[in-house]
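For reference, the structure discussed in these notes is given below.
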Amino acid sequence: LPLRQADWKNYLDWAIESFRISANGVRDETQIHTHMCYSEFNDIIEAIARMDADVITIETSRSDMELLDAFRGFHYPNDIGPGVYDIHSPNIPDSEQIRSLMIKAAERIPAERLWVNPDCGLKTRQWEEVRPALKGMVAAARELRESIQ
């Protein structure tokens with residue numbers, strides 16, 4: 001964002017239009033995803049909603065899901081994928097750690113609108129780290145789905 005808050009509206013209008021143009025022309029069944037790196041986006045949550053991405057993924061594992069507090073008082077209309085695997089750390093989360101984070105996420109976002117994601121891309125990790133972490137994510141997601149059905 002521009003440093004001067006007075007410049008935010010013009011910048012956000014431009015950014016939203018640019019995003020929507022870049023996602024234009026796809027079939028209706030194509031899901032549009034976008035990613036929000038670590039940030040405080042409480043001030044621009046309405047602008048993020050205007051992007052109209054089907055799913056936003058947010059780096060939240062290090063914040064213990066606190067970054068999702070922005071959604072407590074704002075009805076975000078689409079799905080949200082909070083990050084549960086800090087890919088900048090060599091720590092490999094097990095399914096219980098991931099499950100715990102997703103339960104915290106579900107306190108802020110309705111479970112039917114939650115996705116399970118790593119925080120970001122996996123390029124900083126080796127396959128020996130990625131495979132068990134992704135297996136833990138899948139196991140946690142399956143367990144949580146079964147518990148809410």
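So you can find residues: chains in the structure tokens are A, B, ... in the order shown, residues in each start at 1, and ligands are numbered from 1 in order.
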
Distance query Pro2 of chain A at most 10 Å, only C-alpha atoms, self and fewer than 6 positions along chain excluded, as JSON, numbers by chain: {"A": [8, 9, 10, 11, 12]}

Could you turn the residues from that selection into a file that holds all heavy atoms, as a PDB file, in the first residue's frame?
ATOM      1  N   TRP A   8      -4.599   5.334  -0.628  1.00  0.00           N
ATOM      2  CA  TRP A   8      -5.008   3.934  -0.603  1.00  0.00           C
ATOM      3  C   TRP A   8      -6.165   3.631  -1.552  1.00  0.00           C
ATOM      4  O   TRP A   8      -6.151   2.639  -2.261  1.00  0.00           O
ATOM      5  CB  TRP A   8      -5.394   3.498   0.809  1.00  0.00           C
ATOM      6  CG  TRP A   8      -4.246   3.315   1.742  1.00  0.00           C
ATOM      7  CD1 TRP A   8      -2.945   3.704   1.566  1.00  0.00           C
ATOM      8  CD2 TRP A   8      -4.306   2.703   3.027  1.00  0.00           C
ATOM      9  NE1 TRP A   8      -2.197   3.380   2.667  1.00  0.00           N
ATOM     10  CE2 TRP A   8      -2.999   2.760   3.575  1.00  0.00           C
ATOM     11  CE3 TRP A   8      -5.323   2.135   3.771  1.00  0.00           C
ATOM     12  CZ2 TRP A   8      -2.700   2.247   4.825  1.00  0.00           C
ATOM     13  CZ3 TRP A   8      -5.021   1.621   5.021  1.00  0.00           C
ATOM     14  CH2 TRP A   8      -3.723   1.679   5.542  1.00  0.00           C
ATOM     15  N   LYS A   9      -7.211   4.466  -1.532  1.00  0.00           N
ATOM     16  CA  LYS A   9      -8.405   4.155  -2.321  1.00  0.00           C
ATOM     17  C   LYS A   9      -8.063   4.003  -3.797  1.00  0.00           C
ATOM     18  O   LYS A   9      -8.453   3.015  -4.431  1.00  0.00           O
ATOM     19  CB  LYS A   9      -9.485   5.204  -2.137  1.00  0.00           C
ATOM     20  CG  LYS A   9     -10.751   4.855  -2.918  1.00  0.00           C
ATOM     21  CD  LYS A   9     -11.804   5.909  -2.834  1.00  0.00           C
ATOM     22  CE  LYS A   9     -13.052   5.587  -3.615  1.00  0.00           C
ATOM     23  NZ  LYS A   9     -12.918   4.870  -4.854  1.00  0.00           N
ATOM     24  N   ASN A  10      -7.341   4.970  -4.365  1.00  0.00           N
ATOM     25  CA  ASN A  10      -6.987   4.883  -5.784  1.00  0.00           C
ATOM     26  C   ASN A  10      -6.137   3.649  -6.063  1.00  0.00           C
ATOM     27  O   ASN A  10      -6.337   2.959  -7.059  1.00  0.00           O
ATOM     28  CB  ASN A  10      -6.256   6.144  -6.249  1.00  0.00           C
ATOM     29  CG  ASN A  10      -7.199   7.315  -6.394  1.00  0.00           C
ATOM     30  OD1 ASN A  10      -8.410   7.149  -6.522  1.00  0.00           O
ATOM     31  ND2 ASN A  10      -6.645   8.519  -6.357  1.00  0.00           N
ATOM     32  N   TYR A  11      -5.176   3.384  -5.182  1.00  0.00           N
ATOM     33  CA  TYR A  11      -4.319   2.217  -5.371  1.00  0.00           C
ATOM     34  C   TYR A  11      -5.134   0.928  -5.299  1.00  0.00           C
ATOM     35  O   TYR A  11      -4.988   0.044  -6.153  1.00  0.00           O
ATOM     36  CB  TYR A  11      -3.203   2.192  -4.322  1.00  0.00           C
ATOM     37  CG  TYR A  11      -2.385   0.919  -4.404  1.00  0.00           C
ATOM     38  CD1 TYR A  11      -1.375   0.788  -5.350  1.00  0.00           C
ATOM     39  CD2 TYR A  11      -2.665  -0.167  -3.575  1.00  0.00           C
ATOM     40  CE1 TYR A  11      -0.647  -0.386  -5.457  1.00  0.00           C
ATOM     41  CE2 TYR A  11      -1.943  -1.342  -3.678  1.00  0.00           C
ATOM     42  CZ  TYR A  11      -0.940  -1.445  -4.612  1.00  0.00           C
ATOM     43  OH  TYR A  11      -0.231  -2.608  -4.718  1.00  0.00           O
ATOM     44  N   LEU A  12      -5.993   0.801  -4.291  1.00  0.00           N
ATOM     45  CA  LEU A  12      -6.790  -0.427  -4.136  1.00  0.00           C
ATOM     46  C   LEU A  12      -7.767  -0.602  -5.287  1.00  0.00           C
ATOM     47  O   LEU A  12      -7.964  -1.719  -5.766  1.00  0.00           O
ATOM     48  CB  LEU A  12      -7.506  -0.429  -2.784  1.00  0.00           C
ATOM     49  CG  LEU A  12      -6.586  -0.622  -1.580  1.00  0.00           C
ATOM     50  CD1 LEU A  12      -7.345  -0.352  -0.283  1.00  0.00           C
ATOM     51  CD2 LEU A  12      -5.961  -2.003  -1.567  1.00  0.00           C
TER      52      LEU A  12
END

Residue neighbourhood Gln126 of chain A, 12 Å, only C-alpha atoms, exclusion window fewer than 4 positions, as a PDB file with N, CA, C and O atoms, in the first residue's frame:
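Output (selection.pdb):
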ATOM      1  N   ILE A  87       6.342 -22.979   6.008  1.00  0.00           N
ATOM      2  CA  ILE A  87       7.325 -23.532   5.078  1.00  0.00           C
ATOM      3  C   ILE A  87       8.696 -22.859   5.199  1.00  0.00           C
ATOM      4  O   ILE A  87       9.641 -23.283   4.566  1.00  0.00           O
ATOM      5  N   HIS A  88       8.780 -21.825   6.038  1.00  0.00           N
ATOM      6  CA  HIS A  88      10.067 -21.174   6.262  1.00  0.00           C
ATOM      7  C   HIS A  88      10.817 -21.805   7.440  1.00  0.00           C
ATOM      8  O   HIS A  88      11.902 -21.377   7.784  1.00  0.00           O
ATOM      9  N   SER A  89      10.225 -22.799   8.042  1.00  0.00           N
ATOM     10  CA  SER A  89      10.812 -23.477   9.191  1.00  0.00           C
ATOM     11  C   SER A  89      11.086 -24.941   8.848  1.00  0.00           C
ATOM     12  O   SER A  89      10.309 -25.567   8.128  1.00  0.00           O
ATOM     13  N   PRO A  90      12.157 -25.515   9.390  1.00  0.00           N
ATOM     14  CA  PRO A  90      12.414 -26.940   9.145  1.00  0.00           C
ATOM     15  C   PRO A  90      11.495 -27.855   9.963  1.00  0.00           C
ATOM     16  O   PRO A  90      11.511 -29.062   9.769  1.00  0.00           O
ATOM     17  N   ASN A  91      10.689 -27.281  10.850  1.00  0.00           N
ATOM     18  CA  ASN A  91       9.772 -28.094  11.655  1.00  0.00           C
ATOM     19  C   ASN A  91       8.696 -28.704  10.768  1.00  0.00           C
ATOM     20  O   ASN A  91       8.098 -28.020   9.938  1.00  0.00           O
ATOM     21  N   ILE A  92       8.447 -29.966  10.966  1.00  0.00           N
ATOM     22  CA  ILE A  92       7.415 -30.670  10.214  1.00  0.00           C
ATOM     23  C   ILE A  92       6.221 -30.860  11.141  1.00  0.00           C
ATOM     24  O   ILE A  92       6.312 -31.604  12.124  1.00  0.00           O
ATOM     25  N   GLY A 121       4.302 -21.357  -0.960  1.00  0.00           N
ATOM     26  CA  GLY A 121       4.866 -22.395  -1.815  1.00  0.00           C
ATOM     27  C   GLY A 121       5.858 -23.244  -1.038  1.00  0.00           C
ATOM     28  O   GLY A 121       6.286 -22.881   0.060  1.00  0.00           O
ATOM     29  N   LEU A 122       6.218 -24.354  -1.580  1.00  0.00           N
ATOM     30  CA  LEU A 122       7.057 -25.318  -0.860  1.00  0.00           C
ATOM     31  C   LEU A 122       8.512 -25.308  -1.312  1.00  0.00           C
ATOM     32  O   LEU A 122       9.287 -26.172  -0.924  1.00  0.00           O
ATOM     33  N   VAL A 130       8.579 -32.069   3.052  1.00  0.00           N
ATOM     34  CA  VAL A 130       7.272 -31.754   2.468  1.00  0.00           C
ATOM     35  C   VAL A 130       6.302 -32.942   2.544  1.00  0.00           C
ATOM     36  O   VAL A 130       5.138 -32.781   2.929  1.00  0.00           O
ATOM     37  N   ARG A 131       6.775 -34.115   2.163  1.00  0.00           N
ATOM     38  CA  ARG A 131       5.866 -35.277   2.118  1.00  0.00           C
ATOM     39  C   ARG A 131       5.178 -35.548   3.455  1.00  0.00           C
ATOM     40  O   ARG A 131       3.947 -35.660   3.496  1.00  0.00           O
ATOM     41  N   PRO A 132       5.907 -35.650   4.574  1.00  0.00           N
ATOM     42  CA  PRO A 132       5.211 -35.916   5.834  1.00  0.00           C
ATOM     43  C   PRO A 132       4.299 -34.756   6.266  1.00  0.00           C
ATOM     44  O   PRO A 132       3.249 -34.989   6.862  1.00  0.00           O
ATOM     45  N   ALA A 133       4.704 -33.532   5.953  1.00  0.00           N
ATOM     46  CA  ALA A 133       3.855 -32.393   6.310  1.00  0.00           C
ATOM     47  C   ALA A 133       2.540 -32.431   5.529  1.00  0.00           C
ATOM     48  O   ALA A 133       1.460 -32.219   6.097  1.00  0.00           O
TER      49      ALA A 133
END

Residues within 10 Å of Ala23 of chain A, only C-alpha atoms, excluding chain neighbours under 2 positions, as a ChimeraX atom specification: /A:17-21,25-26,30-33,51-53

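Here atom CA of Asn78 of chain A is placed at a distance of 10.5 Å from atom CA of Pro110 of chain A.
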
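Going from atom CA of Gly136 of chain A to atom CA of Gln97 of chain A covers 8.8 Å.
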